[in-house]
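Engineer: This is the structure, below, for whatever I ask next.
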Amino acid sequence: MQSSTYIASTTFEAEDTTRAHCRRVVTEQLAAIDSVGTVTNGLAPRTVTVIASRPLDRADIAAAVDEAGHALVP
């Protein structure tokens, strides 16, 4: 019997993350969430995509972005 593998991605916007330093700090905080495998900054300003091996709660994402000194765009 094969085990199923969960891989999902979510893309969101974070306020005030147009500068390289801000994007790096947000990326580092998101990458620290358990089960997050990849974090990429989109070509559009403020967009971030997270790929994880388990479902993520939006509150966990928001907390990581907040820890980086930013906020999710509603």
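Chain labels run A, B, ... following the order of the structure tokens; each chain numbers its residues from 1, and ligands are numbered from 1 in the order shown.
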Please return, as JSON, numbers by chain, all residues of chain A that DSSP assigns to helix (DSSP H, G or I) on the basis of the backbone.
Structural biologist: {"A": [20, 21, 22, 23, 24, 25, 26, 27, 28, 29, 30, 31, 58, 59, 60, 61, 62, 63, 64, 65, 66, 67]}
Engineer: Neighbours of A:Ala63 within 12 Å (only C-alpha atoms; same-chain residues fewer than 3 positions away dropped), as a list in words?
Structural biologist: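 The neighbour list is Ala14, Val26, Gln29, Leu30, Ala32, Ile33, Leu56, Asp57, Arg58, Ala59, Asp60, Asp66, Glu67, Ala68, Gly69, His70, Ala71 and Leu72 of chain A.
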Engineer: Suppose you want the space between atom CA of A:Thr38 and atom CA of A:Val50; what is it in Å?
Structural biologist: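 Computed distance, atom CA of A:Thr38 to atom CA of A:Val50, equals 5.9 Å.
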